[in-house]
Each structure stands twice: as structure tokens, then as C-alpha cells.
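File shown: upload.cif (mmCIF, C-alpha atoms and all ligand atoms).
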```cif
data_target
#
loop_
_atom_site.label_atom_id
_atom_site.label_comp_id
_atom_site.auth_asym_id
_atom_site.auth_seq_id
_atom_site.Cartn_x
_atom_site.Cartn_y
_atom_site.Cartn_z
CA MET A 720 13.68 70.87 -30.04
CA ASP A 721 14.18 73.74 -27.64
CA THR A 722 17.28 72.92 -25.59
CA THR A 723 17.38 76.36 -23.99
CA VAL A 724 14.57 75.56 -21.55
CA PRO A 725 16.66 73.84 -18.84
CA ALA A 726 19.21 76.67 -18.98
CA ALA A 727 16.44 79.22 -18.83
CA ARG A 728 14.96 77.38 -15.88
CA ALA A 729 18.28 77.25 -14.09
CA ALA A 730 18.66 80.98 -14.63
CA LEU A 731 15.20 81.58 -13.23
CA TYR A 732 15.97 79.47 -10.12
CA GLU A 733 19.18 81.43 -9.63
CA ASP A 734 17.43 84.79 -10.02
CA ILE A 735 14.59 84.07 -7.61
CA ARG A 736 16.78 82.63 -4.90
CA ARG A 737 17.72 86.05 -3.50
CA LEU A 738 14.00 86.74 -3.03
CA ASN A 739 13.71 83.52 -0.99
CA LEU A 740 11.71 81.79 -3.67
CA ILE A 741 12.08 78.25 -5.00
CA PRO A 742 10.20 76.44 -7.80
CA LEU A 743 7.76 73.92 -6.41
CA TRP A 744 7.85 71.70 -9.48
CA GLU A 745 11.44 70.62 -8.80
CA SER A 746 10.51 69.13 -5.40
CA LEU A 747 6.77 68.44 -5.60
CA HIS A 748 7.46 64.77 -5.70
CA SER A 749 9.23 64.58 -2.35
CA LEU A 750 7.01 67.20 -0.71
CA VAL A 751 3.90 65.18 -1.52
CA PRO A 752 5.19 61.61 -1.58
CA ALA A 753 3.11 58.66 -2.76
CA HIS A 754 3.70 57.03 0.63
CA PRO A 755 5.70 57.88 3.76
CA ALA A 756 9.45 57.94 3.17
CA PRO A 757 10.91 58.37 6.66
CA ALA A 758 14.28 60.11 6.95
CA TYR A 759 15.31 57.78 9.77
CA GLU A 760 16.10 54.07 9.75
CA ALA A 761 15.44 50.78 11.49
CA ALA A 762 17.96 50.13 14.25
CA LEU A 763 18.50 47.89 17.28
CA TRP A 764 20.38 48.58 20.51
CA ARG A 765 21.61 45.46 22.33
CA TYR A 766 21.33 45.86 26.07
CA ASP A 767 24.34 43.66 26.77
CA GLU A 768 26.43 45.95 24.61
CA ILE A 769 25.17 49.13 26.27
CA ALA A 770 25.19 48.00 29.92
CA PRO A 771 28.99 48.39 30.47
CA TYR A 772 28.82 52.00 29.24
CA LEU A 773 25.84 52.75 31.46
CA ARG A 774 27.86 51.36 34.34
CA ARG A 775 30.76 53.64 33.35
CA ALA A 776 28.41 56.60 33.18
CA GLY A 777 27.54 55.71 36.78
CA GLU A 778 31.21 56.08 37.68
CA VAL A 779 31.87 59.39 35.98
CA ILE A 780 28.76 61.36 36.99
CA SER A 781 26.16 61.21 39.75
CA ALA A 782 22.42 61.27 39.02
CA GLU A 783 22.18 64.52 40.97
CA GLU A 784 24.86 66.26 38.90
CA ALA A 785 23.60 64.85 35.62
CA VAL A 786 19.98 65.66 36.64
CA ARG A 787 19.10 62.71 34.45
CA ARG A 788 21.85 60.15 33.81
CA VAL A 789 20.76 58.90 30.42
CA LEU A 790 22.41 57.45 27.36
CA VAL A 791 20.23 58.62 24.49
CA LEU A 792 19.32 56.10 21.78
CA GLU A 793 19.87 58.27 18.75
CA ASN A 794 18.71 57.07 15.38
CA PRO A 795 21.84 56.43 13.25
CA ALA A 796 20.25 58.36 10.36
CA LEU A 797 19.48 61.41 12.54
CA PRO A 798 22.83 62.39 14.07
CA GLY A 799 22.71 65.37 16.41
CA SER A 800 18.94 65.17 16.82
CA ALA A 801 18.64 63.11 20.03
CA SER A 802 15.70 61.47 18.26
CA ILE A 803 14.89 57.81 17.73
CA THR A 804 12.08 58.63 15.29
CA ASN A 805 11.21 62.00 13.78
CA SER A 806 8.79 62.65 16.65
CA LEU A 807 10.11 60.64 19.60
CA TYR A 808 13.09 60.44 21.90
CA ALA A 809 14.33 57.36 23.76
CA GLY A 810 17.12 56.82 26.26
CA LEU A 811 18.30 54.42 28.94
CA GLN A 812 18.41 55.98 32.39
CA LEU A 813 20.49 54.61 35.27
CA ILE A 814 19.91 55.33 38.94
CA LEU A 815 22.22 53.78 41.53
CA PRO A 816 21.30 52.80 45.09
CA GLY A 817 20.80 55.85 47.28
CA GLU A 818 20.75 58.32 44.38
CA VAL A 819 18.19 60.98 43.63
CA ALA A 820 17.32 62.53 40.27
CA PRO A 821 15.97 65.94 41.27
CA ALA A 822 12.41 67.19 40.83
CA HIS A 823 11.49 69.13 37.73
CA ARG A 824 8.64 69.47 35.30
CA HIS A 825 8.40 70.12 31.58
CA THR A 826 5.79 70.23 28.87
CA GLN A 827 7.26 67.13 27.22
CA SER A 828 5.31 63.99 28.08
CA ALA A 829 7.42 61.08 29.31
CA LEU A 830 7.13 57.37 29.92
CA ARG A 831 9.45 55.01 31.77
CA PHE A 832 9.60 51.35 30.93
CA ILE A 833 11.60 49.45 33.55
CA VAL A 834 14.17 47.16 31.96
CA HIS A 835 16.50 46.19 34.83
CA GLY A 836 16.33 46.10 38.62
CA LYS A 837 13.71 47.02 41.17
CA GLY A 838 13.27 49.31 44.13
CA ALA A 839 13.71 52.72 42.55
CA TYR A 840 10.73 55.04 42.46
CA THR A 841 9.29 57.83 40.39
CA ALA A 842 7.19 60.44 42.14
CA VAL A 843 4.51 62.16 40.08
CA ASP A 844 2.65 65.14 41.54
CA GLY A 845 3.26 63.99 45.12
CA GLU A 846 2.73 60.24 44.75
CA ARG A 847 5.53 57.72 44.55
CA THR A 848 5.45 54.43 42.73
CA THR A 849 8.02 51.68 43.23
CA MET A 850 9.47 50.27 40.02
CA TYR A 851 9.63 46.61 39.02
CA PRO A 852 10.86 45.25 35.67
CA GLY A 853 8.21 45.55 32.97
CA ASP A 854 6.27 48.32 34.71
CA PHE A 855 4.99 51.09 32.45
CA ILE A 856 5.12 54.46 34.21
CA LEU A 857 3.88 57.87 33.05
CA THR A 858 5.08 61.36 33.83
CA PRO A 859 2.52 63.41 31.90
CA SER A 860 3.18 66.88 30.54
CA TRP A 861 3.86 69.54 33.21
CA THR A 862 3.66 67.14 36.17
CA TRP A 863 6.38 67.44 38.82
CA HIS A 864 8.54 64.34 38.85
CA ASP A 865 11.66 63.07 40.55
CA HIS A 866 13.31 59.69 40.79
CA GLY A 867 15.11 57.96 43.63
CA ASN A 868 16.52 54.55 44.47
CA PRO A 869 16.11 53.63 48.16
CA GLY A 870 15.70 49.92 47.38
CA ILE A 871 13.25 47.53 49.02
CA ASP A 872 13.64 46.20 52.58
CA GLY A 873 17.19 47.44 52.88
CA ALA A 874 18.36 45.91 49.60
CA ALA A 875 19.02 48.29 46.74
CA GLU A 876 20.38 47.58 43.26
CA PRO A 877 21.08 49.66 40.16
CA VAL A 878 17.88 50.32 38.23
CA VAL A 879 17.69 51.01 34.50
CA TRP A 880 14.67 52.10 32.56
CA LEU A 881 13.85 53.14 29.02
CA ASP A 882 12.72 56.75 28.82
CA GLY A 883 10.32 57.64 26.01
CA LEU A 884 9.53 61.30 25.48
CA ASP A 885 7.91 63.46 22.81
CA ILE A 886 10.93 65.81 22.82
CA PRO A 887 11.22 66.09 18.99
CA LEU A 888 7.48 66.65 18.63
CA THR A 889 7.52 69.36 21.29
CA ARG A 890 10.55 70.93 19.58
CA PHE A 891 8.74 70.89 16.23
CA PHE A 892 5.84 72.82 17.75
CA ASN A 893 8.12 75.08 19.83
CA GLY A 894 6.17 74.12 22.93
CA GLY A 895 9.01 73.38 25.33
CA PHE A 896 8.88 74.87 28.84
CA ALA A 897 10.64 73.51 31.94
CA GLU A 898 11.13 74.38 35.61
CA ASN A 899 13.27 72.98 38.41
CA GLY A 900 11.72 72.09 41.76
CA GLN A 901 12.57 73.87 45.03
CA ALA A 902 13.80 70.64 46.64
CA ALA A 903 15.53 67.63 45.11
CA SER A 904 12.65 65.33 46.06
CA GLN A 905 9.08 66.53 46.13
CA ARG A 906 7.01 66.23 49.27
CA VAL A 907 4.98 63.03 49.44
CA ALA A 908 1.36 64.18 49.34
CA ARG A 909 -0.47 60.88 48.83
CA PRO A 910 0.30 57.31 49.88
CA GLU A 911 1.79 54.94 47.32
CA GLY A 912 -0.85 52.99 45.41
CA ARG A 913 -3.56 55.66 45.58
CA SER A 914 -3.86 56.18 41.81
CA LEU A 915 -4.05 52.49 41.01
CA ALA A 916 -6.60 51.86 43.78
CA ALA A 917 -8.78 54.76 42.63
CA TYR A 918 -8.59 54.19 38.86
CA GLY A 919 -7.10 50.78 38.20
CA HIS A 920 -10.08 48.52 38.90
CA ASN A 921 -12.65 49.59 36.30
CA MET A 922 -13.97 52.06 38.85
CA ALA A 923 -13.37 55.75 39.46
CA PRO A 924 -13.94 58.12 42.35
CA VAL A 925 -17.41 59.67 42.34
CA ARG A 926 -16.06 62.97 43.64
CA GLN A 927 -12.89 64.89 42.78
CA LEU A 928 -12.45 63.04 39.55
CA HIS A 929 -9.05 63.39 37.89
CA THR A 930 -8.96 66.11 35.27
CA GLY A 931 -6.43 66.63 32.54
CA THR A 932 -5.51 65.02 29.27
CA SER A 933 -3.43 62.11 30.60
CA SER A 934 -4.34 58.94 32.45
CA PRO A 935 -4.81 59.15 36.24
CA ILE A 936 -2.97 55.82 36.47
CA PHE A 937 0.75 56.44 36.33
CA ASN A 938 2.07 52.94 36.92
CA TYR A 939 0.67 50.02 34.94
CA PRO A 940 2.36 47.10 36.75
CA TYR A 941 3.88 44.38 34.61
CA GLU A 942 2.40 41.67 36.80
CA ARG A 943 -1.08 42.65 35.64
CA SER A 944 -0.27 43.20 31.96
CA ARG A 945 1.60 39.91 31.79
CA ALA A 946 -1.25 38.00 33.48
CA ALA A 947 -3.78 39.45 31.00
CA LEU A 948 -1.69 38.37 28.03
CA GLU A 949 -1.19 34.92 29.53
CA THR A 950 -4.93 34.40 29.99
CA LEU A 951 -5.76 35.61 26.49
CA ARG A 952 -3.15 33.45 24.77
CA ARG A 953 -4.86 30.40 26.26
CA GLN A 954 -8.36 31.49 25.36
CA GLU A 955 -8.12 33.15 21.99
CA GLU A 956 -6.99 32.55 18.50
CA ILE A 957 -3.61 34.20 18.08
CA ASP A 958 -3.60 37.14 15.68
CA PRO A 959 -1.34 36.11 12.75
CA TRP A 960 0.27 39.58 12.55
CA VAL A 961 0.71 40.79 16.13
CA GLY A 962 0.12 37.76 18.36
CA VAL A 963 -1.74 38.75 21.53
CA LYS A 964 -1.52 42.52 21.75
CA LEU A 965 -3.15 44.98 24.14
CA ARG A 966 -2.87 48.73 24.27
CA TYR A 967 -2.60 50.72 27.48
CA ILE A 968 -5.55 53.04 28.04
CA ASN A 969 -6.56 56.04 30.05
CA PRO A 970 -9.43 54.37 31.96
CA LEU A 971 -11.46 57.60 31.96
CA THR A 972 -11.52 57.92 28.17
CA GLY A 973 -10.52 54.58 26.66
CA GLY A 974 -7.93 56.54 24.69
CA ALA A 975 -4.16 56.65 24.91
CA PRO A 976 -2.52 57.18 28.34
CA MET A 977 -1.01 60.48 27.18
CA PRO A 978 -2.09 62.76 24.30
CA THR A 979 1.09 62.30 22.29
CA ILE A 980 2.23 58.77 23.15
CA GLY A 981 0.45 55.44 22.86
CA ALA A 982 1.86 52.19 24.25
CA CYS A 983 1.20 48.46 23.93
CA MET A 984 2.29 45.13 25.34
CA GLN A 985 2.18 41.97 23.23
CA LEU A 986 2.95 38.31 23.57
CA LEU A 987 4.18 36.17 20.70
CA PRO A 988 3.73 32.51 21.62
CA ALA A 989 6.62 30.09 21.00
CA GLY A 990 6.66 29.07 17.33
CA PHE A 991 4.96 32.27 16.17
CA LYS A 992 5.92 33.30 12.64
CA GLY A 993 4.17 36.60 12.14
CA ARG A 994 2.87 38.00 8.87
CA ALA A 995 4.12 41.35 7.63
CA HIS A 996 2.30 44.53 8.56
CA ARG A 997 2.99 48.24 8.60
CA SER A 998 1.62 51.44 10.01
CA THR A 999 2.36 55.14 9.79
CA ASP A 1000 3.34 55.44 13.45
CA GLY A 1001 7.07 54.88 13.77
CA THR A 1002 7.39 52.65 16.83
CA VAL A 1003 9.97 51.90 19.52
CA TYR A 1004 10.03 48.37 20.97
CA SER A 1005 11.57 47.15 24.21
CA VAL A 1006 12.01 43.40 24.57
CA VAL A 1007 10.75 42.15 27.92
CA GLU A 1008 11.04 38.38 27.57
CA GLY A 1009 12.40 35.92 25.04
CA HIS A 1010 14.66 35.80 22.02
CA GLY A 1011 13.50 36.18 18.46
CA ARG A 1012 13.97 37.96 15.18
CA VAL A 1013 12.25 40.88 13.58
CA ASP A 1014 12.29 41.74 9.90
CA ILE A 1015 11.98 45.47 9.34
CA GLY A 1016 11.62 46.49 5.71
CA GLY A 1017 13.78 43.58 4.56
CA ARG A 1018 16.47 43.95 7.26
CA SER A 1019 16.59 41.22 9.88
CA PHE A 1020 17.49 41.87 13.52
CA ALA A 1021 17.98 39.29 16.29
CA PHE A 1022 16.74 40.44 19.68
CA GLY A 1023 16.82 39.33 23.30
CA PRO A 1024 15.58 40.63 26.65
CA ARG A 1025 16.14 44.37 27.36
CA ASP A 1026 17.07 45.19 23.74
CA THR A 1027 15.46 48.21 22.10
CA PHE A 1028 14.60 48.54 18.41
CA VAL A 1029 12.86 51.10 16.25
CA VAL A 1030 10.49 50.45 13.35
CA PRO A 1031 10.14 53.42 11.00
CA SER A 1032 6.84 54.62 9.60
CA TRP A 1033 5.41 52.45 6.82
CA LEU A 1034 8.25 49.91 6.77
CA THR A 1035 6.94 46.37 6.93
CA LEU A 1036 7.40 44.51 10.17
CA ALA A 1037 7.31 40.74 10.74
CA PHE A 1038 8.18 38.78 13.89
CA ASP A 1039 9.68 35.36 14.34
CA ALA A 1040 9.47 33.95 17.88
CA PRO A 1041 11.00 30.48 18.44
CA GLU A 1042 10.22 30.94 22.16
CA ASP A 1043 7.65 32.99 24.05
CA VAL A 1044 8.37 36.66 23.44
CA VAL A 1045 6.91 39.65 25.24
CA LEU A 1046 7.34 43.12 23.73
CA PHE A 1047 6.53 46.57 25.02
CA SER A 1048 6.14 49.31 22.41
CA PHE A 1049 5.34 53.01 22.16
CA SER A 1050 4.67 55.47 19.36
CA ASP A 1051 3.05 58.78 18.44
CA ARG A 1052 -0.12 56.98 17.34
CA PRO A 1053 -2.59 59.21 19.25
CA VAL A 1054 -1.27 62.25 17.39
CA LEU A 1055 -1.53 60.57 13.99
CA GLU A 1056 -5.03 59.41 14.87
CA ALA A 1057 -6.11 62.90 15.92
CA ILE A 1058 -4.94 64.48 12.67
CA GLY A 1059 -6.14 61.75 10.33
CA LEU A 1060 -2.74 60.34 9.41
CA LEU A 1061 -2.95 56.91 10.95
CA ARG A 1062 -2.95 54.14 8.37
CA GLU A 1063 -2.21 50.47 8.83
CA GLU A 1064 -1.85 47.58 6.44
CA PHE A 1065 -1.91 43.90 7.34
CA LEU A 1066 -0.39 42.05 4.43
CA PRO A 1067 -1.61 38.62 3.35
CA GLU A 1068 0.71 35.66 3.70
O1 LIG A 1101 13.43 61.73 33.67
O2 LIG A 1101 12.61 63.71 33.49
O3 LIG A 1101 15.54 60.78 29.32
O4 LIG A 1101 13.43 65.26 31.58
C1 LIG A 1101 15.08 63.08 29.19
C2 LIG A 1101 14.54 64.22 29.77
C3 LIG A 1101 14.44 61.81 31.10
C4 LIG A 1101 13.27 62.78 33.04
C5 LIG A 1101 15.02 61.90 29.87
C6 LIG A 1101 13.96 64.15 31.02
C7 LIG A 1101 13.90 62.92 31.69
#
```

Let me see whether you can do it: turn the structure in this file into C-alpha cells.
Amino acid sequence: MDTTVPAARAALYEDIRRLNLIPLWESLHSLVPAHPAPAYEAALWRYDEIAPYLRRAGEVISAEEAVRRVLVLENPALPGSASITNSLYAGLQLILPGEVAPAHRHTQSALRFIVHGKGAYTAVDGERTTMYPGDFILTPSWTWHDHGNPGIDGAAEPVVWLDGLDIPLTRFFNGGFAENGQAASQRVARPEGRSLAAYGHNMAPVRQLHTGTSSPIFNYPYERSRAALETLRRQEEIDPWVGVKLRYINPLTGGAPMPTIGACMQLLPAGFKGRAHRSTDGTVYSVVEGHGRVDIGGRSFAFGPRDTFVVPSWLTLAFDAPEDVVLFSFSDRPVLEAIGLLREEFLPE
């Protein structure tokens, strides 16, 4: 038996290192894995636990000074990355009554999912939209956006939303550009509600049609999404894996609302014990209503309203909902779809 081979190999590896060469055969296995092996993990952030620190952040820095007053939900397995999955960023943003988060734009695409309070607004390219809990709001790539919190009818309260951005994806492709606006708040160029009126009723303007790669609707109100789920749960057989689940669409294409981020809303009726399923798009969930449990790759997490959790790529996911549960979720699904990497598996009971 030739026992000199490993030593000879080691010597070779050592010698080629200074030429910036490495032997493929030592790492082929992990470079071309049999199935996805994400480098990040399942995790859950309890809103009740976070809220006091958000409040404290509100005491130590203003929205204006912070530009965006956000506590980033960083995946525990990816310290220093500001990432919740390998491709996505998530954070909880607080805006207090009377505050303004100044106008800027960047190539990163962003979504806001309102988790607490009402009466703040986001302005996108000159149109404001007032936020209510459960609303799904877009600020597509390179659109000017600013946030403010004037309240409604003289009553204002702190507002918190979940930010979802493709920051890590943009970083990976070195596509990040950003600019600050001239003024803190952009000029209002169109009345509130214009986008939803023009595009949110299965109709579209016959002239001056919206162009661009993102949806012309930038607020998908919870009231409507919730009502749709409620009607369907009464009419349809409940899917044994996902309950009643709808995805948000760009009404002009039927595709995802933004090129890099897809989003869904689902209802799990009381008593639902979901079957396990998995997909290659690592997904962030925000709990809108109800308490339940989720099993992620053999780890069980209890959740309640306003909690956030992350399900890594290809880990199995199964829900348990003793009461009605409503979940919002977002992922990089449109990217995976576009490059042929989207796979899903719905496991039998
Ligand atoms: O509101 O524009 O959480 O630019 C991170 C980066 C929010 C925003 C974030 C941002 C924003």
C-alpha cells in the first residue's frame, strides 16, 4: 500500500497555494451539494421581547438622525451580515408621531409589512399611502421614498413595520447605488389612492400605462387580502400543506410584485395541522393573527401576533394552528424561478 500519497497530496496543496490554486477534489462535495445546505438557520423573533428595545431606540435617536430607525433581524448563524437569509434583509422600523424619515432612493428593492399602529405613511414617487396593520407596501428599486407619521384625524401613535429588502442579493451582485433627496419629504405629486384606483380593480389605464419591472400598486391593503382569504376558506377545500394561501401579484404581468421579492398571505383555519413541505426559497414570515406552532427542520417554535420567523432553504416546514392564524411571508422566489432554481416538495402524511 502506498502511504506516501496523502503526504504527497498535502505537499502539492502547499506548493500550489502561493499561485492561488486549490484542488477541487477536496471540496467538490460541498461545492456541488446533493441538496441545498444553507449556511443560516431557522430563528424566531418575539415581538413582545423586541418592543421595549424599539421603544428605547425611539428615546436615544430620532428617525431624522437615524435616517431609518431600524433594529435589524440578523440571522444568528450569519453574524455581521445584516442578513436574515443569504439573500434577504429584514428589520423592524419605528416611526413616532410627528417624525419624518427623509427621502432617498436606492437600487435595493424594499417592502414594508405593517405590524403595529396606523397613521404613518410611505410616499413612493410622489404618492403617499397611509399605513394600517397588515398592509403590504412596496418601494421598488430606485423609487424615491420617505416615511412620516402625522396620524389620522389628529390622533397619532407609534407605528412599527417589518422592512424586507434584497440588500444581501444586491451586495452579492455589487449593484448598490443610493442617493439622498433634496428635501426631507418629497413633494406630493398625485393624490393618495391613485395607484390602487388605477390598477387595483382588475383594470388598467388605457393611456400612460405604468412601465418598469415592479407592480404599479404599492399598497395592498390588509382589509382586501384578509377578506379574500376569509371567502376562500368558506368555499374551498383547505390545502393540507399551506391552508388558504394567495400570492401578491403585479396586476400587469401576473408575476411577483418586485423582480427580486415575492410575497404571500395565508390563512390556517383553527384546528389546522399542516403536512410538511419545503422549497428552495428561504422565507421570512410575519405573524398577523393567531397563535400557533411551526416545525422547521425538526425544531419547534411557538408564535403569536407580530412575531417574525425565518425558514431556511430546503428545511421542512409544518404548521400547527389551534386557532385561526394569518401569516404574511416573503422570499427571493422570483429570482430562483427566473434562474431555474425553484424546487418545492410537498411531503405525504
Ligand atoms: O426605509 O428606506 O430597513 O433604505 C433598510 C434600508 C429600510 C428604508 C431599511 C432602507 C430602508

**Request:** Considering all atoms listed in the file, state which residue in the set A:Asp844, A:Glu784, A:Glu760, A:Asp865 is at the smallest distance from ligand LIG 1101 (chain A).
**Result:** A:Asp865

**Prompt:** Which distance in Å separates CA of Ser749 (chain A) and CA of Pro978 (chain A), to one decimal?
**Reply:** 29.0 Å

Hey, which bits of chain A sit within 10 Å of ligand LIG 1101 (chain A), and for each residue what's the closest pair of atoms and how far apart in Å (one decimal), counting all atoms listed in the file, rows by chain and increasing number, as a tab-separated table?
```
residue	atom	partner	partner_atom	distance
A:Val786	CA	A:LIG1101	C4	8.1
A:Arg787	CA	A:LIG1101	O1	5.8
A:Arg788	CA	A:LIG1101	O3	7.8
A:Val789	CA	A:LIG1101	O3	5.7
A:Leu790	CA	A:LIG1101	O3	7.9
A:Val791	CA	A:LIG1101	O3	7.1
A:Leu792	CA	A:LIG1101	O3	9.6
A:Ala801	CA	A:LIG1101	C1	9.8
A:Tyr808	CA	A:LIG1101	O3	7.8
A:Ala809	CA	A:LIG1101	O3	6.6
A:Gly810	CA	A:LIG1101	O3	5.2
A:Leu811	CA	A:LIG1101	O3	6.9
A:Gln812	CA	A:LIG1101	O3	6.4
A:Leu813	CA	A:LIG1101	O3	9.9
A:Ala820	CA	A:LIG1101	O1	7.7
A:Pro821	CA	A:LIG1101	O2	8.8
A:Ala822	CA	A:LIG1101	O2	8.1
A:His823	CA	A:LIG1101	O2	7.0
A:Arg824	CA	A:LIG1101	O2	7.2
A:His825	CA	A:LIG1101	O4	7.0
A:Thr826	CA	A:LIG1101	O4	9.5
A:Gln827	CA	A:LIG1101	O4	7.8
A:Ser828	CA	A:LIG1101	O4	8.9
A:Ala829	CA	A:LIG1101	C4	7.1
A:Leu830	CA	A:LIG1101	O1	8.5
A:Arg831	CA	A:LIG1101	O1	8.0
A:Thr841	CA	A:LIG1101	O1	8.8
A:Thr858	CA	A:LIG1101	O2	7.9
A:Thr862	CA	A:LIG1101	O2	10.0
A:Trp863	CA	A:LIG1101	O2	9.0
A:His864	CA	A:LIG1101	O2	6.8
A:Asp865	CA	A:LIG1101	O2	7.2
A:His866	CA	A:LIG1101	O1	7.4
A:Trp880	CA	A:LIG1101	O3	9.3
A:Leu881	CA	A:LIG1101	O3	7.8
A:Asp882	CA	A:LIG1101	O3	4.9
A:Gly883	CA	A:LIG1101	O3	6.9
A:Leu884	CA	A:LIG1101	C1	6.9
A:Asp885	CA	A:LIG1101	C1	9.6
A:Ile886	CA	A:LIG1101	C2	8.0
A:Ala897	CA	A:LIG1101	O4	8.7
```

**Prompt:** Can you find the residues with an atom no farther than 7 Å from (0.9, 36.4, 18.3), counting only C-alpha atoms, and report them as a list in words?
**Reply:** Ile957, Asp958, Pro959, Trp960, Val961, Gly962, Val963, Leu986, Leu987, Pro988, Phe991 and Gly993 of chain A

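Minimum atom-to-atom distance to Arg890 (chain A), evaluated using all atoms listed in the file, belongs to A:Ser802 out of A:Thr848, A:Gly912, A:Pro877, A:Ser802.
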
**Request:** For CA of Leu1036 (chain A) and CA of His1010 (chain A), quote the distance in Å rounded to one decimal.
**Result:**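 Rounded to one decimal, the two atoms are 16.4 Å apart.
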
**Item:** Interatomic distance (Å, one decimal) between CA of His754 (chain A) and CA of Gln985 (chain A)
**Value:**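 That distance, rounded to one decimal, is 27.2 Å.
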
**Request:** Pick out the closest residue to Glu898 (chain A) from this set: A:Val724, A:Trp861, A:Gln954, A:Arg847. Count only C-alpha atoms.
**Result:** A:Trp861

**Asked** Closest to Leu888 (chain A) among A:Val1029, A:Ile980, A:Ile833, A:Ala796, using all atoms listed in the file?
**Response**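 Once distances to Leu888 (chain A) are computed over all atoms listed in the file, the minimum belongs to A:Ile980.
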
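Remark: for Met977 (chain A), the closest of the candidate residues A:Met922, A:Leu738, A:Leu731, A:Val1054 is A:Val1054 (distances computed over all atoms listed in the file).
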
Near Thr999 (chain A), counting all atoms listed in the file, which residues have an atom at most 7 Å away, once you skip same-chain residues fewer than 4 positions from it, shown as a PDB file with C-alpha atoms, keeping the file's coordinate frame?
```pdb
ATOM      1  CA  SER A1032       6.840  54.620   9.600  1.00  0.00           C
ATOM      2  CA  TRP A1033       5.410  52.450   6.820  1.00  0.00           C
ATOM      3  CA  LEU A1061      -2.950  56.910  10.950  1.00  0.00           C
ATOM      4  CA  ARG A1062      -2.950  54.140   8.370  1.00  0.00           C
ATOM      5  CA  GLU A1063      -2.210  50.470   8.830  1.00  0.00           C
TER       6      GLU A1063
END
```
